[in-house]
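Engineer: Sharing query.cif below, mmCIF, C-alpha atoms and all ligand atoms:
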data_start
#
loop_
_atom_site.label_atom_id
_atom_site.label_comp_id
_atom_site.auth_asym_id
_atom_site.auth_seq_id
_atom_site.Cartn_x
_atom_site.Cartn_y
_atom_site.Cartn_z
CA MET A 1 35.39 47.99 102.98
CA LYS A 2 33.90 51.39 103.68
CA THR A 3 33.31 53.52 100.63
CA GLY A 4 32.81 57.25 100.22
CA HIS A 5 33.91 59.62 102.91
CA ALA A 6 33.24 59.13 106.60
CA HIS A 7 30.50 61.29 108.09
CA LEU A 8 32.04 62.80 111.21
CA TYR A 9 29.41 64.12 113.57
CA ILE A 10 31.23 63.95 116.85
CA PRO A 11 31.56 67.24 118.74
CA GLY A 12 35.27 67.47 118.10
CA PRO A 13 37.59 66.87 116.50
CA THR A 14 35.46 68.38 113.78
CA ILE A 15 35.69 68.16 110.03
CA ILE A 16 38.77 69.99 108.79
CA PRO A 17 38.15 72.21 105.75
CA GLU A 18 40.17 71.37 102.67
CA GLU A 19 42.28 74.53 102.80
CA VAL A 20 43.15 73.86 106.44
CA ARG A 21 44.14 70.32 105.55
CA ARG A 22 46.34 71.58 102.76
CA ALA A 23 47.84 74.22 105.02
CA LEU A 24 48.84 71.51 107.51
CA ALA A 25 50.96 69.77 104.88
CA VAL A 26 54.03 71.98 105.11
CA PRO A 27 57.71 71.16 105.19
CA MET A 28 59.29 71.46 108.62
CA GLN A 29 60.76 74.84 109.35
CA ASP A 30 63.13 76.53 111.78
CA HIS A 31 60.97 77.84 114.61
CA ARG A 32 63.77 80.21 115.65
CA ALA A 33 63.92 81.90 112.26
CA PRO A 34 62.24 85.31 111.83
CA GLU A 35 59.54 83.97 109.50
CA PHE A 36 58.15 81.90 112.37
CA ALA A 37 57.33 85.11 114.20
CA SER A 38 55.41 86.34 111.18
CA LEU A 39 53.30 83.18 111.39
CA LEU A 40 52.70 83.19 115.15
CA THR A 41 52.17 86.86 115.94
CA PRO A 42 49.25 87.47 113.54
CA ILE A 43 47.61 84.24 114.73
CA ARG A 44 47.63 85.52 118.31
CA TYR A 45 46.28 88.83 117.10
CA ASP A 46 43.53 87.25 114.98
CA LEU A 47 42.41 84.93 117.78
CA ARG A 48 41.39 87.93 119.84
CA PRO A 49 38.11 88.71 118.04
CA VAL A 50 37.22 85.01 118.23
CA PHE A 51 37.41 85.32 122.02
CA GLY A 52 35.71 88.73 121.94
CA THR A 53 38.66 90.55 123.41
CA THR A 54 40.81 93.49 122.42
CA ASP A 55 43.19 93.54 125.36
CA GLY A 56 43.35 89.86 126.30
CA THR A 57 46.67 88.02 126.09
CA ILE A 58 46.60 84.89 123.97
CA ALA A 59 48.84 81.95 124.92
CA LEU A 60 48.96 78.84 122.75
CA PHE A 61 50.03 75.77 124.67
CA PRO A 62 50.86 72.55 122.88
CA GLY A 63 48.36 70.12 124.36
CA SER A 64 44.59 70.03 124.34
CA GLY A 65 41.74 71.60 126.26
CA THR A 66 42.63 69.53 129.33
CA GLY A 67 46.17 70.91 129.30
CA ALA A 68 44.75 74.41 129.00
CA TRP A 69 42.59 73.75 132.11
CA GLU A 70 45.74 72.87 134.01
CA ALA A 71 47.69 75.85 132.66
CA ALA A 72 44.82 78.17 133.62
CA ILE A 73 44.67 76.97 137.22
CA ALA A 74 48.37 76.49 137.88
CA ASN A 75 49.27 79.94 136.62
CA THR A 76 46.71 82.02 138.47
CA LEU A 77 45.64 80.24 141.68
CA GLN A 78 47.30 78.77 144.73
CA ALA A 79 46.77 75.45 146.46
CA GLY A 80 44.03 75.87 149.05
CA ASP A 81 42.26 78.64 147.13
CA ARG A 82 38.52 78.27 147.23
CA VAL A 83 36.76 78.11 143.86
CA LEU A 84 33.11 77.78 142.91
CA MET A 85 32.23 75.21 140.24
CA ALA A 86 29.18 73.37 138.95
CA ARG A 87 29.11 69.71 137.99
CA HIS A 88 26.52 69.05 135.32
CA GLY A 89 28.14 66.83 132.72
CA MET A 90 31.32 64.91 131.99
CA PHE A 91 33.53 67.89 131.16
CA SER A 92 32.54 70.00 134.12
CA THR A 93 33.09 66.87 136.26
CA LEU A 94 36.59 66.41 134.85
CA TRP A 95 37.37 70.08 135.38
CA VAL A 96 36.35 69.74 139.04
CA GLU A 97 38.65 66.71 139.32
CA MET A 98 41.51 68.66 137.80
CA ALA A 99 40.96 71.54 140.25
CA GLU A 100 40.92 69.11 143.17
CA ARG A 101 44.06 67.33 141.98
CA LEU A 102 45.83 70.67 141.86
CA GLY A 103 44.89 71.28 145.49
CA LEU A 104 42.08 73.82 145.13
CA ASP A 105 39.32 73.88 147.72
CA VAL A 106 36.41 73.29 145.37
CA ASP A 107 32.89 74.28 146.35
CA VAL A 108 30.98 72.03 143.95
CA VAL A 109 27.35 72.64 143.09
CA ASP A 110 25.82 69.47 141.67
CA VAL A 111 22.92 69.92 139.32
CA PRO A 112 21.28 67.33 137.08
CA TRP A 113 23.06 66.52 133.84
CA GLY A 114 21.02 68.47 131.30
CA ALA A 115 20.80 71.61 133.42
CA PRO A 116 22.97 74.68 132.82
CA CYS A 117 25.31 76.34 135.29
CA PRO A 118 23.09 77.13 138.31
CA VAL A 119 23.34 80.91 138.23
CA GLU A 120 20.98 81.46 141.18
CA THR A 121 22.90 79.09 143.46
CA PHE A 122 26.15 80.71 142.40
CA ALA A 123 24.61 84.13 143.17
CA ARG A 124 23.59 82.99 146.65
CA LYS A 125 26.98 81.50 147.44
CA LEU A 126 28.77 84.59 146.22
CA ALA A 127 26.50 86.87 148.23
CA GLU A 128 27.10 84.75 151.36
CA ASP A 129 30.86 84.85 150.84
CA ARG A 130 31.27 88.18 152.65
CA ASP A 131 34.94 87.72 153.46
CA GLY A 132 35.76 86.97 149.82
CA ARG A 133 37.13 83.46 150.27
CA ILE A 134 36.03 82.41 146.79
CA ARG A 135 38.97 83.26 144.54
CA ALA A 136 37.50 82.11 141.24
CA VAL A 137 34.22 81.11 139.65
CA PHE A 138 34.41 78.47 136.91
CA VAL A 139 31.79 78.15 134.17
CA THR A 140 31.63 75.50 131.46
CA HIS A 141 30.14 77.60 128.68
CA ASN A 142 29.11 74.60 126.62
CA GLU A 143 28.86 71.22 128.37
CA THR A 144 29.70 68.99 125.43
CA ALA A 145 28.50 65.83 127.16
CA THR A 146 24.93 67.07 127.55
CA GLY A 147 24.61 69.69 124.81
CA VAL A 148 23.91 72.43 127.32
CA ALA A 149 24.91 76.08 127.04
CA SER A 150 25.36 78.19 130.16
CA ASP A 151 24.89 81.90 130.59
CA VAL A 152 28.29 83.38 131.35
CA GLU A 153 26.97 86.93 131.16
CA ALA A 154 24.39 86.14 133.85
CA VAL A 155 27.10 84.76 136.14
CA ARG A 156 29.11 87.94 135.65
CA ALA A 157 26.00 90.02 136.39
CA GLU A 158 25.49 88.18 139.70
CA MET A 159 29.14 88.64 140.63
CA ASP A 160 28.74 92.36 139.97
CA ALA A 161 25.44 92.54 141.82
CA CYS A 162 27.05 91.43 145.06
CA GLY A 163 30.35 93.18 144.36
CA HIS A 164 32.33 89.94 144.39
CA ASP A 165 35.80 90.27 142.92
CA ALA A 166 36.56 86.60 142.25
CA LEU A 167 38.14 85.72 138.95
CA LEU A 168 35.83 84.40 136.25
CA PHE A 169 37.18 81.37 134.35
CA VAL A 170 35.32 79.97 131.36
CA ASP A 171 35.79 76.69 129.54
CA GLY A 172 34.90 77.59 125.97
CA VAL A 173 36.42 74.48 124.40
CA SER A 174 33.26 73.56 122.49
CA SER A 175 31.80 77.05 122.13
CA ILE A 176 34.53 79.51 121.18
CA ALA A 177 34.69 80.17 117.42
CA SER A 178 31.21 78.65 116.97
CA VAL A 179 28.90 80.80 119.10
CA PRO A 180 29.18 84.36 120.40
CA PHE A 181 31.79 84.70 123.12
CA GLU A 182 32.34 88.13 124.64
CA MET A 183 35.36 87.92 126.88
CA ASP A 184 35.68 91.68 127.36
CA ALA A 185 31.98 92.46 127.68
CA TRP A 186 31.45 89.64 130.19
CA ARG A 187 34.76 90.50 131.88
CA VAL A 188 35.98 86.92 131.70
CA ASP A 189 39.43 86.67 133.27
CA LEU A 190 40.49 83.48 131.69
CA ALA A 191 38.94 81.72 128.70
CA ILE A 192 39.97 78.37 127.31
CA ALA A 193 39.61 76.92 123.81
CA GLY A 194 41.02 73.95 121.93
CA SER A 195 42.18 73.78 118.33
CA GLN A 196 39.99 70.84 117.33
CA LYS A 197 36.44 72.15 117.56
CA GLY A 198 35.23 75.52 116.29
CA LEU A 199 38.77 76.31 115.22
CA MET A 200 38.55 73.43 112.70
CA CYS A 201 42.11 72.14 113.21
CA PRO A 202 43.47 68.87 114.55
CA ALA A 203 43.79 68.60 118.33
CA GLY A 204 47.12 69.77 119.68
CA LEU A 205 46.79 73.35 120.85
CA GLY A 206 45.12 74.56 124.02
CA VAL A 207 44.40 78.26 123.69
CA LEU A 208 44.22 80.54 126.73
CA ALA A 209 43.03 84.12 126.70
CA LEU A 210 43.87 86.06 129.85
CA SER A 211 42.52 89.40 131.00
CA PRO A 212 45.04 92.00 132.20
CA ARG A 213 43.96 91.15 135.76
CA ALA A 214 44.58 87.44 135.31
CA LEU A 215 47.97 88.21 133.81
CA GLU A 216 48.83 90.37 136.80
CA LEU A 217 47.80 87.63 139.24
CA ALA A 218 49.84 85.12 137.28
CA GLU A 219 52.93 87.04 138.29
CA LYS A 220 52.25 86.09 141.90
CA ALA A 221 51.22 82.48 141.26
CA THR A 222 52.94 79.96 143.51
CA MET A 223 51.70 76.61 142.21
CA PRO A 224 54.50 74.50 140.78
CA ARG A 225 54.53 74.73 137.01
CA GLY A 226 56.93 73.23 134.55
CA TYR A 227 55.90 72.82 130.94
CA PHE A 228 52.84 75.01 131.42
CA HIS A 229 54.61 78.03 132.91
CA LEU A 230 52.68 81.00 131.56
CA PHE A 231 55.52 83.46 131.52
CA ASP A 232 57.81 81.10 129.66
CA MET A 233 55.08 81.07 127.05
CA VAL A 234 53.99 84.72 126.91
CA ASN A 235 57.58 85.96 126.94
CA ALA A 236 58.51 83.60 124.13
CA HIS A 237 55.31 84.57 122.27
CA ALA A 238 56.22 88.24 122.63
CA ALA A 239 59.45 87.42 120.83
CA GLY A 240 57.45 85.56 118.15
CA SER A 241 58.27 82.08 119.34
CA PHE A 242 57.65 79.25 121.79
CA PRO A 243 59.79 78.25 124.80
CA TYR A 244 60.13 74.80 123.23
CA THR A 245 59.53 73.15 119.88
CA PRO A 246 56.10 74.23 118.63
CA PRO A 247 53.70 72.19 116.49
CA ALA A 248 54.40 74.39 113.46
CA PRO A 249 52.12 72.60 110.95
CA LEU A 250 49.23 73.08 113.34
CA LEU A 251 49.91 76.80 113.38
CA HIS A 252 49.76 76.87 109.59
CA GLY A 253 46.41 75.09 109.87
CA MET A 254 45.26 77.61 112.46
CA ARG A 255 46.26 80.43 110.10
CA ALA A 256 44.08 78.96 107.34
CA ALA A 257 41.19 78.35 109.77
CA LEU A 258 41.30 81.92 111.06
CA ASP A 259 41.33 83.23 107.49
CA ARG A 260 38.29 81.15 106.77
CA LEU A 261 36.43 82.37 109.86
CA ALA A 262 37.25 85.95 108.88
CA ALA A 263 36.15 85.40 105.28
CA GLU A 264 32.79 84.03 106.38
CA GLY A 265 32.51 86.67 109.12
CA LEU A 266 32.16 85.69 112.77
CA ASP A 267 28.54 86.87 112.93
CA ARG A 268 27.71 84.61 110.01
CA VAL A 269 29.61 81.71 111.58
CA PHE A 270 27.59 82.10 114.77
CA ASP A 271 24.38 82.43 112.86
CA ARG A 272 25.10 79.34 110.78
CA HIS A 273 25.68 77.30 113.94
CA HIS A 274 22.40 78.50 115.36
CA ARG A 275 20.52 77.67 112.17
CA LEU A 276 22.06 74.21 111.83
CA ALA A 277 21.37 73.44 115.50
CA SER A 278 17.76 74.62 115.16
CA GLY A 279 17.25 72.11 112.34
CA VAL A 280 18.71 69.28 114.42
CA ARG A 281 16.47 70.22 117.36
CA ALA A 282 13.43 70.30 115.06
CA ALA A 283 14.33 66.78 113.91
CA VAL A 284 14.60 65.50 117.50
CA ALA A 285 11.16 66.92 118.26
CA ALA A 286 9.73 65.34 115.11
CA TRP A 287 11.11 61.96 116.18
CA GLY A 288 9.32 62.35 119.49
CA LEU A 289 12.63 62.03 121.34
CA ARG A 290 14.01 64.13 124.17
CA THR A 291 17.19 66.14 124.25
CA VAL A 292 19.39 65.79 127.31
CA ALA A 293 19.30 69.59 127.52
CA GLU A 294 16.43 70.20 129.91
CA SER A 295 14.94 73.10 127.95
CA PRO A 296 15.31 74.85 124.59
CA ALA A 297 16.61 77.89 126.47
CA CYS A 298 19.84 76.08 127.36
CA ALA A 299 20.20 73.94 124.24
CA SER A 300 23.67 74.18 122.73
CA ASP A 301 24.22 75.40 119.19
CA THR A 302 27.25 73.13 118.74
CA VAL A 303 26.12 69.69 119.92
CA THR A 304 22.81 67.98 120.64
CA ALA A 305 22.63 65.05 123.06
CA ILE A 306 19.55 62.89 122.49
CA TYR A 307 18.01 60.26 124.75
CA THR A 308 17.06 57.04 123.00
CA PRO A 309 13.62 55.61 123.82
CA ASP A 310 13.41 53.12 126.71
CA GLY A 311 14.78 49.75 125.67
CA VAL A 312 16.90 51.16 122.84
CA ASP A 313 20.62 51.11 123.58
CA ALA A 314 22.25 54.28 122.32
CA ARG A 315 25.51 52.35 121.91
CA GLU A 316 23.78 50.21 119.32
CA VAL A 317 22.53 53.27 117.44
CA ILE A 318 26.10 54.58 117.36
CA ALA A 319 27.53 51.21 116.26
CA ILE A 320 24.98 50.80 113.46
CA ALA A 321 25.59 54.32 112.17
CA ARG A 322 29.33 53.63 112.20
CA ASP A 323 29.41 50.12 110.80
CA ARG A 324 26.64 50.31 108.22
CA TYR A 325 26.73 53.94 107.19
CA ASN A 326 30.28 55.12 107.88
CA CYS A 327 28.86 57.77 110.17
CA TYR A 328 30.39 58.69 113.51
CA LEU A 329 28.09 59.99 116.25
CA GLY A 330 29.12 61.14 119.71
CA ALA A 331 28.84 58.61 122.52
CA GLY A 332 26.80 59.08 125.68
CA LEU A 333 29.42 59.78 128.34
CA GLY A 334 29.46 58.63 131.96
CA PRO A 335 25.94 57.99 133.22
CA LEU A 336 24.59 58.77 129.73
CA ALA A 337 26.38 55.75 128.20
CA GLY A 338 23.76 53.61 126.47
CA ARG A 339 21.03 56.15 127.19
CA ALA A 340 21.99 58.96 124.84
CA PHE A 341 23.97 59.70 121.73
CA ARG A 342 25.20 63.04 120.44
CA ILE A 343 25.23 64.81 117.12
CA GLY A 344 28.06 67.33 116.85
CA HIS A 345 27.12 70.23 114.59
CA LEU A 346 30.04 72.56 114.78
CA GLY A 347 32.87 73.59 112.57
CA ASP A 348 32.91 73.31 108.79
CA LEU A 349 29.33 72.20 108.29
CA ASN A 350 26.33 73.10 106.15
CA GLU A 351 22.66 72.22 105.86
CA GLY A 352 23.18 69.27 103.50
CA MET A 353 25.69 67.72 105.86
CA CYS A 354 23.30 68.01 108.79
CA LEU A 355 20.49 66.52 106.72
CA SER A 356 22.64 63.55 105.85
CA ALA A 357 23.48 63.03 109.53
CA LEU A 358 19.79 63.16 110.41
CA SER A 359 18.81 60.69 107.70
CA ILE A 360 21.48 58.24 108.86
CA VAL A 361 20.36 58.66 112.47
CA GLU A 362 16.81 57.79 111.40
CA MET A 363 18.03 54.54 109.85
CA ALA A 364 20.26 53.70 112.80
CA LEU A 365 17.50 54.42 115.33
CA ASN A 366 15.05 52.16 113.49
CA ALA A 367 17.61 49.39 113.11
CA ALA A 368 18.28 49.60 116.86
CA GLY A 369 14.57 49.18 117.60
CA ALA A 370 13.25 52.73 117.89
CA ARG A 371 10.13 53.47 115.90
CA VAL A 372 10.94 56.69 114.15
CA PRO A 373 9.08 57.50 110.91
CA TYR A 374 11.53 57.72 108.03
CA GLY A 375 11.95 61.27 106.85
CA ALA A 376 10.18 62.89 109.81
CA GLY A 377 13.30 64.42 111.29
CA VAL A 378 14.80 65.20 107.91
CA ALA A 379 11.62 66.99 106.83
CA ALA A 380 11.48 69.02 110.03
CA ALA A 381 15.07 70.11 109.54
CA GLN A 382 14.39 70.88 105.87
CA GLU A 383 11.55 73.18 106.92
CA THR A 384 13.97 74.98 109.21
CA TYR A 385 16.72 75.22 106.63
CA ALA A 386 14.37 76.27 103.82
CA ALA A 387 12.83 79.12 105.81
CA PRO A 388 13.79 82.59 104.56
CA TYR A 389 17.09 83.42 106.14
CA THR A 390 17.64 86.62 108.06
CA LEU A 391 21.00 87.21 109.57
CA ARG A 392 20.64 88.07 113.22
CA VAL A 393 22.18 91.44 113.90
CA VAL A 394 24.90 91.10 116.49
CA ASP A 395 25.76 94.40 118.18
CA GLY A 396 24.34 96.26 115.22
CA GLY A 397 27.35 95.12 113.23
CA ILE A 398 25.67 93.62 110.20
CA ALA A 399 22.53 94.62 108.37
CA ALA A 400 19.84 91.98 108.09
CA GLU A 401 19.68 90.39 104.67
C1 LIG A 501 33.79 71.52 127.16
C2 LIG A 501 35.05 70.74 127.09
N1 LIG A 501 36.04 71.03 127.94
C3 LIG A 501 37.20 70.38 127.92
C4 LIG A 501 37.42 69.36 127.04
C5 LIG A 501 38.70 68.64 127.07
O1 LIG A 501 39.43 68.96 125.94
P1 LIG A 501 40.49 68.00 125.28
O2 LIG A 501 39.82 66.73 124.95
O3 LIG A 501 40.91 68.81 124.09
O4 LIG A 501 41.58 67.84 126.27
C6 LIG A 501 36.44 69.01 126.12
C7 LIG A 501 36.65 67.93 125.15
O5 LIG A 501 35.80 67.54 124.40
C8 LIG A 501 35.23 69.72 126.15
O6 LIG A 501 34.25 69.43 125.30
#
For the file at hand, write its structure as structure tokens.

Structural biologist:
Amino acid sequence: MKTGHAHLYIPGPTIIPEEVRRALAVPMQDHRAPEFASLLTPIRYDLRPVFGTTDGTIALFPGSGTGAWEAAIANTLQAGDRVLMARHGMFSTLWVEMAERLGLDVDVVDVPWGAPCPVETFARKLAEDRDGRIRAVFVTHNETATGVASDVEAVRAEMDACGHDALLFVDGVSSIASVPFEMDAWRVDLAIAGSQKGLMCPAGLGVLALSPRALELAEKATMPRGYFHLFDMVNAHAAGSFPYTPPAPLLHGMRAALDRLAAEGLDRVFDRHHRLASGVRAAVAAWGLRTVAESPACASDTVTAIYTPDGVDAREVIAIARDRYNCYLGAGLGPLAGRAFRIGHLGDLNEGMCLSALSIVEMALNAAGARVPYGAGVAAAQETYAAPYTLRVVDGGIAAE
């Protein structure tokens, strides 16, 4: 029998804070009654700062991030449209597959898993596309399989530099609500999040944020859509409802999660993720192991993927952590299976929780045959977490403390 609580360090679903868990336990209600509108409408309003938008339209689709991918494409693009995408991890690979299944003409740029979105290659392809065949550029902001963050702002800058007017789509499933996301400033046309990561809720809602331009294009979309028809959703949302039965308890959870994010302050949330991730990265370096992320510059603040030493099966590390220590680590996906494991460090997390993950990983690594000095990673993270803390000033919004 497992005792104590499970240590959940997968990169989503994340740990659900107690008040969110309590908020989920509500009696069923009439989703056509006026009080439902007073639940839904403020949620849509309060999601906007999380996406960094003031004029974006928020649509909440029952489903998950994958459903939101489909809703994004089907509502704004047409079969045969050319889109530019990079494949550099499992989620960007699956997004490419989704685009191809929906009939898009995908120009795929393959880069090694561990590399970020290849901004220079994108820039070249956009500059060469003089007759504007590329209708949309897709960026996976945080490749959860590799722990790699990409520079959306840089992609936008390259699009501007060559005057390309393609749409900019961003998968922010494992970044939004955990790290800075500036939909308006980066002029993202369509951003995608899921309820189960930085938003600290169970899976079940795919969140889309659409720019006014994306919304306008959606009016002309011709791809067949049924359940995911955007205007069914935004029109129902405008009336404070859903076009079909909504997952009401999840919305109560989302309400509590948004209140919590606001109480902490988004800048502090982002800063905490950066600090926690820095400690995990310090631990990996102290173990003498390599991150899958090819350089610190592209290392994600929400998940770290770590190669095991040669001869050490990452699946065994994960199994030992799970079976002996009641600790769940993220698996190596696709070609990383057996070669890497992941530590998710996003959501409702603090220093002590990260230190406990790192200490368990040290035991699991050693039991699986890796020679990692006990305490080395924990000590390195402690040094990071014990350092005097200065809040980074984001947009001059908060004074350093
Ligand atoms: C970056 C990214 N995109 C998309 C998805 C797919 O989301 P879901 O599993 O919620 O369908 C995930 C899931 O982990 C993800 O990490």

Engineer: For region 139-147 of chain A, list every protein, DNA or RNA residue within 8 Å, evaluated using all atoms listed in the file, and leave out those in the same chain fewer than 5 positions away; present the list as an mmCIF file with C-alpha atoms, in the coordinates of the input.

Structural biologist:
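Here's the written file out-v2.cif:
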data_model
loop_
_atom_site.group_PDB
_atom_site.id
_atom_site.type_symbol
_atom_site.label_atom_id
_atom_site.label_comp_id
_atom_site.auth_asym_id
_atom_site.auth_seq_id
_atom_site.Cartn_x
_atom_site.Cartn_y
_atom_site.Cartn_z
ATOM 1 C CA PRO A 11 31.560 67.240 118.740
ATOM 2 C CA MET A 85 32.230 75.210 140.240
ATOM 3 C CA ALA A 86 29.180 73.370 138.950
ATOM 4 C CA HIS A 88 26.520 69.050 135.320
ATOM 5 C CA GLY A 89 28.140 66.830 132.720
ATOM 6 C CA MET A 90 31.320 64.910 131.990
ATOM 7 C CA PHE A 91 33.530 67.890 131.160
ATOM 8 C CA SER A 92 32.540 70.000 134.120
ATOM 9 C CA TRP A 113 23.060 66.520 133.840
ATOM 10 C CA GLY A 114 21.020 68.470 131.300
ATOM 11 C CA CYS A 117 25.310 76.340 135.290
ATOM 12 C CA VAL A 152 28.290 83.380 131.350
ATOM 13 C CA LEU A 168 35.830 84.400 136.250
ATOM 14 C CA PHE A 169 37.180 81.370 134.350
ATOM 15 C CA VAL A 170 35.320 79.970 131.360
ATOM 16 C CA ASP A 171 35.790 76.690 129.540
ATOM 17 C CA GLY A 172 34.900 77.590 125.970
ATOM 18 C CA VAL A 173 36.420 74.480 124.400
ATOM 19 C CA SER A 174 33.260 73.560 122.490
ATOM 20 C CA SER A 175 31.800 77.050 122.130
ATOM 21 C CA VAL A 292 19.390 65.790 127.310
ATOM 22 C CA ALA A 293 19.300 69.590 127.520
ATOM 23 C CA ALA A 299 20.200 73.940 124.240
ATOM 24 C CA SER A 300 23.670 74.180 122.730
ATOM 25 C CA THR A 302 27.250 73.130 118.740
ATOM 26 C CA VAL A 303 26.120 69.690 119.920
ATOM 27 C CA THR A 304 22.810 67.980 120.640
ATOM 28 C CA ALA A 305 22.630 65.050 123.060
ATOM 29 C CA GLY A 332 26.800 59.080 125.680
ATOM 30 C CA LEU A 333 29.420 59.780 128.340
ATOM 31 C CA ARG A 342 25.200 63.040 120.440
#

Engineer: From the set A:Pro180, A:Pro62, A:Pro247, A:Pro373, which residue has the shortest atom-to-atom contact distance to Val269 (chain A), counting all atoms listed in the file?

Structural biologist: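 Ranked by minimum distance to Val269 (chain A), first place goes to A:Pro180.
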
Engineer: Which residues come within 10 Å of Arg324 (chain A), counting only C-alpha atoms, excluding same-chain residues fewer than 2 positions away, as number ranges by chain?

Structural biologist: A: 2, 319-322, 326-327, 360, 363-364

Engineer: Which residue out of A:Leu355, A:Met98, A:Ala367, A:Ala203 has the minimum interatomic distance to Ala386 (chain A) when all atoms listed in the file are used?

Structural biologist: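 Closest candidate: A:Leu355.
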
Engineer: Given the choices A:Asp105, A:Glu120, A:Asp184, A:Asp129, which gets closest to Ala154 (chain A) if the distance is worked out from only C-alpha atoms?

Structural biologist: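 Of A:Asp105, A:Glu120, A:Asp184, A:Asp129, the one nearest Ala154 (chain A) is A:Glu120, counting only C-alpha atoms.
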
Engineer: Please measure the separation of CA of Gly369 (chain A) and CA of Thr14 (chain A), giving the value in Å to one decimal.

Structural biologist: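 Atom-to-atom, CA of Gly369 (chain A) and CA of Thr14 (chain A) are spaced 28.6 Å apart.
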
Engineer: So, counting all atoms listed in the file, which residue among A:Ala297, A:Leu358, A:Ala285, A:Ala387 is closest to Tyr325 (chain A)?

Structural biologist: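 Nearest to Tyr325 (chain A): A:Leu358.
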
Engineer: Between CA of Leu276 (chain A) and CA of Tyr9 (chain A), what is the spacing in Å?

Structural biologist: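 Between CA of Tyr9 (chain A) and CA of Leu276 (chain A) the gap works out to 12.6 Å.
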
Engineer: Work out how far apart CA of Ala314 (chain A) and CA of Trp287 (chain A) are and give it in Å to one decimal.

Structural biologist: 14.9 Å

Engineer: Given only C-alpha atoms and all ligand atoms as the basis, pick out the residue of A:Thr384, A:Thr291, A:Ser195, A:Asn366 nearest to ligand LIG 501 (chain A).

Structural biologist: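 Ranking A:Thr384, A:Thr291, A:Ser195, A:Asn366 by distance to ligand LIG 501 (chain A), first place goes to A:Ser195.
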
Engineer: Nearest to ligand LIG 501 (chain A) among A:Pro118, A:Gly4, A:Gly194, A:Gly52, with distances taken over only C-alpha atoms and all ligand atoms: which residue is it?

Structural biologist: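 Closest candidate: A:Gly194.
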
Engineer: Might I get the box with edges along x, y and z of the file that holds all atoms of region 320-334 of chain A listed there, padded by 6 Å on every side, given as centre and edge lengths in Å to one decimal, as AutoDock Vina command-line options?

Structural biologist:
--center_x 27.7 --center_y 55.6 --center_z 119.6 --size_x 17.4 --size_y 23.0 --size_z 36.8
